[in-house]
Each structure stands twice: as C-alpha cells, then as structure tokens.
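The next block holds one structure in the form of structure tokens; read it before the comments.
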Amino acid sequence: MERTSYQASNCSIARTLQVVGEKWTLLILRESFYGATRFEQFHSVLNCPRNLLSERLSKLVDEGILERSEYREPGRRARNEYRMTDRGRELVPILLALREWGDRHKADPDGPPVLARHAACGKELHVTLRCESGHDVTGPDDIELVDGPGALPPVPA
C-alpha cells in the first residue's frame, strides 16, 4: 500500500478520532454496546471521574452517536438514559475489530473475557474487509489508496 500525495490535514481518520479517539469514549461505547444505558451503569463499570463521564456522554449525544432520553423511577427525580443511534451502531464493527485484535495480542493467559457470536447460529464473529465485488481483503497489501472526491491538492515540497 503506497501513500498518495494527498494532504494529511484533510483526513477522515483524524476527524473521527476527534470524536471517539479518547480512552473513556471508546470504553463508554463498549459499555453501550454491552447494554449499559444509564449514567450509574457506565460509572460503576468504568469508574472514571463523574464529570468526565458526563462530558463524554454529552459529546457523544452532540455527535449523534448516542441519544439521550429522560426516565423517572417512582418517587425519584428524572434522569437520562443513553442509547446508541444508527450512527453509533455503525461504530460496532470498529469496537469488534479492536476487541478481536486485543483477544489475539493482549488477552489474559486464560483467554478473552468476552466472545462475540452470531446470534442466529452461535458461531464466533470475525471482522472482515470486503470490496464491493465481494472479494475478501486479507491485509494492507490488498489495499490501494487513491484520491477521493474530497482530496485537496498536494502540498508543494
């Protein structure tokens, strides 16, 4: 895979990392994927500072990745729940790819703590890349980078 001469300042990866590239944000997304919806659920598992958790949840809501809705338990004050939007669910393959890499290279000696299985058949999931023609992409050597419609002109040397 060869890098083209596009400007790195116009990078979708960098823009995405501005939204989800912070440690707590990815872990919040993990917990949301695992089923957490309430502030206290996130806090009890992550044990991150409450103000930071609140800030990260708000950012994910502002970005349209989570949606906030109010709930009230009998006799209690109103609180918020956070659920993944369609935009948030599009990040699930990224979370699964990180989990899969971690299982391969960073798991405990006893093995991974969580297995992801296809609900319909029970077989383990694997994240794969596939082109529009249906060919599996097995690694970086199978990828060609070309200028896209939003590419900026090259910067003179």
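Ordering of the structure tokens sets the chain letters (A, B, ...); residue numbers start at 1 within each chain; ligands are numbered from 1 in the order shown.
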
Residues of range 41-60 of chain A within 12 Å of range 78-92 of chain A: nearest atom pair and distance (Å, one decimal) for each, counting only C-alpha atoms, sorted by chain and number, as JSON lines?
{"residue": "A:Gln41", "atom": "CA", "partner": "A:Glu81", "partner_atom": "CA", "distance": 10.0}
{"residue": "A:Phe42", "atom": "CA", "partner": "A:Tyr82", "partner_atom": "CA", "distance": 9.9}
{"residue": "A:Ser54", "atom": "CA", "partner": "A:Asn80", "partner_atom": "CA", "distance": 10.8}
{"residue": "A:Arg56", "atom": "CA", "partner": "A:Tyr82", "partner_atom": "CA", "distance": 11.6}
{"residue": "A:Leu57", "atom": "CA", "partner": "A:Tyr82", "partner_atom": "CA", "distance": 7.9}
{"residue": "A:Ser58", "atom": "CA", "partner": "A:Tyr82", "partner_atom": "CA", "distance": 9.6}
{"residue": "A:Lys59", "atom": "CA", "partner": "A:Tyr82", "partner_atom": "CA", "distance": 11.8}
{"residue": "A:Leu60", "atom": "CA", "partner": "A:Gly88", "partner_atom": "CA", "distance": 8.7}

Those same residues - N, CA, C and O atoms - I'd like them written as a compact mmCIF listing (two decimals), in the first residue's frame.
# COMPACT_ATOMS: atom_id res chain seq x y z
N GLN A 41 -24.73 3.03 35.50
CA GLN A 41 -24.21 1.78 34.93
C GLN A 41 -22.83 2.02 34.31
O GLN A 41 -21.91 1.23 34.53
N PHE A 42 -22.72 3.09 33.54
CA PHE A 42 -21.42 3.41 32.94
C PHE A 42 -20.39 3.66 34.05
O PHE A 42 -19.28 3.15 34.00
N SER A 54 -19.76 12.51 32.30
CA SER A 54 -20.84 13.39 31.86
C SER A 54 -20.45 14.15 30.59
O SER A 54 -21.24 14.25 29.63
N ARG A 56 -18.18 13.28 28.32
CA ARG A 56 -18.06 12.36 27.18
C ARG A 56 -19.44 11.92 26.68
O ARG A 56 -19.67 11.82 25.48
N LEU A 57 -20.36 11.66 27.60
CA LEU A 57 -21.71 11.28 27.18
C LEU A 57 -22.36 12.42 26.40
O LEU A 57 -22.99 12.20 25.36
N SER A 58 -22.20 13.64 26.88
CA SER A 58 -22.76 14.81 26.18
C SER A 58 -22.17 14.96 24.79
O SER A 58 -22.88 15.26 23.83
N LYS A 59 -20.87 14.75 24.66
CA LYS A 59 -20.22 14.86 23.35
C LYS A 59 -20.76 13.80 22.40
O LYS A 59 -21.03 14.09 21.22
N LEU A 60 -20.94 12.58 22.90
CA LEU A 60 -21.48 11.51 22.05
C LEU A 60 -22.92 11.81 21.64
O LEU A 60 -23.33 11.49 20.52

Just the residues within 8 Å of Val127 in chain A, please, counting only C-alpha atoms, with nothing from its chain fewer than 2 positions along; format it as a PDB file with N, CA and C atoms, in the first residue's frame.
ATOM      1  N   PRO A  93     -18.605  -2.402  14.339  1.00  0.00           N
ATOM      2  CA  PRO A  93     -17.501  -3.172  13.734  1.00  0.00           C
ATOM      3  C   PRO A  93     -16.119  -2.696  14.179  1.00  0.00           C
ATOM      4  N   LEU A  96     -15.625  -4.165  17.595  1.00  0.00           N
ATOM      5  CA  LEU A  96     -15.351  -5.598  17.457  1.00  0.00           C
ATOM      6  C   LEU A  96     -13.951  -5.846  16.902  1.00  0.00           C
ATOM      7  N   ALA A  97     -13.496  -4.997  15.983  1.00  0.00           N
ATOM      8  CA  ALA A  97     -12.135  -5.153  15.446  1.00  0.00           C
ATOM      9  C   ALA A  97     -11.102  -4.904  16.536  1.00  0.00           C
ATOM     10  N   GLU A 100     -11.185  -7.926  18.801  1.00  0.00           N
ATOM     11  CA  GLU A 100     -10.564  -9.088  18.160  1.00  0.00           C
ATOM     12  C   GLU A 100      -9.035  -8.978  18.179  1.00  0.00           C
ATOM     13  N   LEU A 125     -17.799 -14.498  15.767  1.00  0.00           N
ATOM     14  CA  LEU A 125     -17.706 -13.453  14.753  1.00  0.00           C
ATOM     15  C   LEU A 125     -16.257 -13.083  14.491  1.00  0.00           C
ATOM     16  N   LEU A 129     -12.832  -7.379   5.899  1.00  0.00           N
ATOM     17  CA  LEU A 129     -12.991  -6.338   4.892  1.00  0.00           C
ATOM     18  C   LEU A 129     -13.369  -7.016   3.586  1.00  0.00           C
TER      19      LEU A 129
END

>> Please compute the CA of Gly21 in chain A-CA of Ile94 in chain A distance, one decimal, in Å.
In response: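 So the two atoms, CA of Gly21 in chain A and CA of Ile94 in chain A, lie 11.6 Å apart.
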
> When distances are computed from only C-alpha atoms, which of A:Arg50, A:His126, A:Arg76, A:His43 shows the smallest separation from Asp103 in chain A?
Replying inline: A:His126

>> Give me, as a PyMOL selection string, the residues of chain A that a backbone DSSP run labels strand (DSSP E or B).
In response: chain A and resi 38+66-71+79-84+108+111+117+124+129-130+136-137

Would you save the residues from that selection as an mmCIF file, in the first residue's frame, using N, CA and C atoms?
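And here's selection-v2.cif as it stands now:
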data_model
loop_
_atom_site.group_PDB
_atom_site.id
_atom_site.type_symbol
_atom_site.label_atom_id
_atom_site.label_comp_id
_atom_site.auth_asym_id
_atom_site.auth_seq_id
_atom_site.Cartn_x
_atom_site.Cartn_y
_atom_site.Cartn_z
ATOM 1 N N ARG A 38 -27.632 3.753 31.456
ATOM 2 C CA ARG A 38 -27.762 4.772 32.491
ATOM 3 C C ARG A 38 -26.392 5.205 33.020
ATOM 4 N N LEU A 66 -24.945 8.751 20.439
ATOM 5 C CA LEU A 66 -25.894 8.314 21.463
ATOM 6 C C LEU A 66 -27.065 9.283 21.457
ATOM 7 N N GLU A 67 -28.223 8.795 21.882
ATOM 8 C CA GLU A 67 -29.340 9.702 22.096
ATOM 9 C C GLU A 67 -29.730 9.645 23.562
ATOM 10 N N ARG A 68 -30.106 10.801 24.073
ATOM 11 C CA ARG A 68 -30.463 10.945 25.476
ATOM 12 C C ARG A 68 -31.986 10.989 25.568
ATOM 13 N N SER A 69 -32.516 10.230 26.509
ATOM 14 C CA SER A 69 -33.952 10.304 26.788
ATOM 15 C C SER A 69 -34.143 10.269 28.298
ATOM 16 N N GLU A 70 -35.196 10.897 28.739
ATOM 17 C CA GLU A 70 -35.463 11.012 30.170
ATOM 18 C C GLU A 70 -36.260 9.817 30.671
ATOM 19 N N TYR A 71 -35.955 9.382 31.879
ATOM 20 C CA TYR A 71 -36.760 8.354 32.552
ATOM 21 C C TYR A 71 -36.912 8.784 34.006
ATOM 22 N N ARG A 79 -34.053 11.336 35.319
ATOM 23 C CA ARG A 79 -32.663 11.075 34.935
ATOM 24 C C ARG A 79 -32.626 10.769 33.445
ATOM 25 N N ASN A 80 -31.421 10.642 32.924
ATOM 26 C CA ASN A 80 -31.257 10.376 31.494
ATOM 27 C C ASN A 80 -30.776 8.962 31.229
ATOM 28 N N GLU A 81 -31.247 8.428 30.125
ATOM 29 C CA GLU A 81 -30.716 7.192 29.569
ATOM 30 C C GLU A 81 -30.008 7.539 28.269
ATOM 31 N N TYR A 82 -29.051 6.697 27.898
ATOM 32 C CA TYR A 82 -28.273 6.916 26.682
ATOM 33 C C TYR A 82 -28.313 5.636 25.862
ATOM 34 N N ARG A 83 -28.759 5.768 24.619
ATOM 35 C CA ARG A 83 -28.841 4.609 23.731
ATOM 36 C C ARG A 83 -28.152 4.929 22.411
ATOM 37 N N MET A 84 -27.526 3.905 21.830
ATOM 38 C CA MET A 84 -26.858 4.079 20.544
ATOM 39 C C MET A 84 -27.866 4.409 19.456
ATOM 40 N N ASP A 108 -5.741 -12.113 28.500
ATOM 41 C CA ASP A 108 -5.175 -12.830 29.645
ATOM 42 C C ASP A 108 -4.773 -14.234 29.204
ATOM 43 N N GLY A 111 -7.468 -16.573 28.327
ATOM 44 C CA GLY A 111 -8.258 -16.321 27.125
ATOM 45 C C GLY A 111 -9.050 -15.026 27.240
ATOM 46 N N ARG A 117 -20.510 -13.709 19.256
ATOM 47 C CA ARG A 117 -21.049 -14.785 18.423
ATOM 48 C C ARG A 117 -22.228 -14.278 17.617
ATOM 49 N N GLU A 124 -18.601 -17.951 16.267
ATOM 50 C CA GLU A 124 -17.840 -16.756 16.632
ATOM 51 C C GLU A 124 -17.731 -15.793 15.447
ATOM 52 N N LEU A 129 -12.832 -7.379 5.899
ATOM 53 C CA LEU A 129 -12.991 -6.338 4.892
ATOM 54 C C LEU A 129 -13.369 -7.016 3.586
ATOM 55 N N ARG A 130 -14.309 -6.414 2.871
ATOM 56 C CA ARG A 130 -14.756 -6.983 1.603
ATOM 57 C C ARG A 130 -15.012 -5.834 0.642
ATOM 58 N N ASP A 136 -12.708 -10.765 -0.457
ATOM 59 C CA ASP A 136 -12.163 -10.518 0.874
ATOM 60 C C ASP A 136 -10.795 -9.863 0.763
ATOM 61 N N VAL A 137 -10.544 -8.886 1.609
ATOM 62 C CA VAL A 137 -9.268 -8.193 1.676
ATOM 63 C C VAL A 137 -8.544 -8.758 2.890
#

> In Å to one decimal, how far is CA of Ile13 in chain A from CA of Val146 in chain A?
Replying inline: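 Atom-to-atom, CA of Val146 in chain A to CA of Ile13 in chain A, that is 15.3 Å.
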
>> With only C-alpha atoms as the counted atoms, please give the residues lying no more than 10 Å from range 9-11 of chain A, apart from itself and same-chain residues fewer than 6 positions off, as a ChimeraX atom specification.
In response: /A:150-152

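Residue nearest Thr16 in chain A, chosen from A:Cys121, A:Leu98, A:Arg77, A:Glu63 and counting only C-alpha atoms: A:Glu63.
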
> Which residues in chain A does DSSP call helix (DSSP H, G or I)? List them as a PyMOL selection string.
Replying inline: chain A and resi 12-20+23-34+39-46+50-62+86-89+92-105+140-142

> How many Å separate CA of Pro149 in chain A from CA of Arg15 in chain A?
Replying inline: 16.8 Å
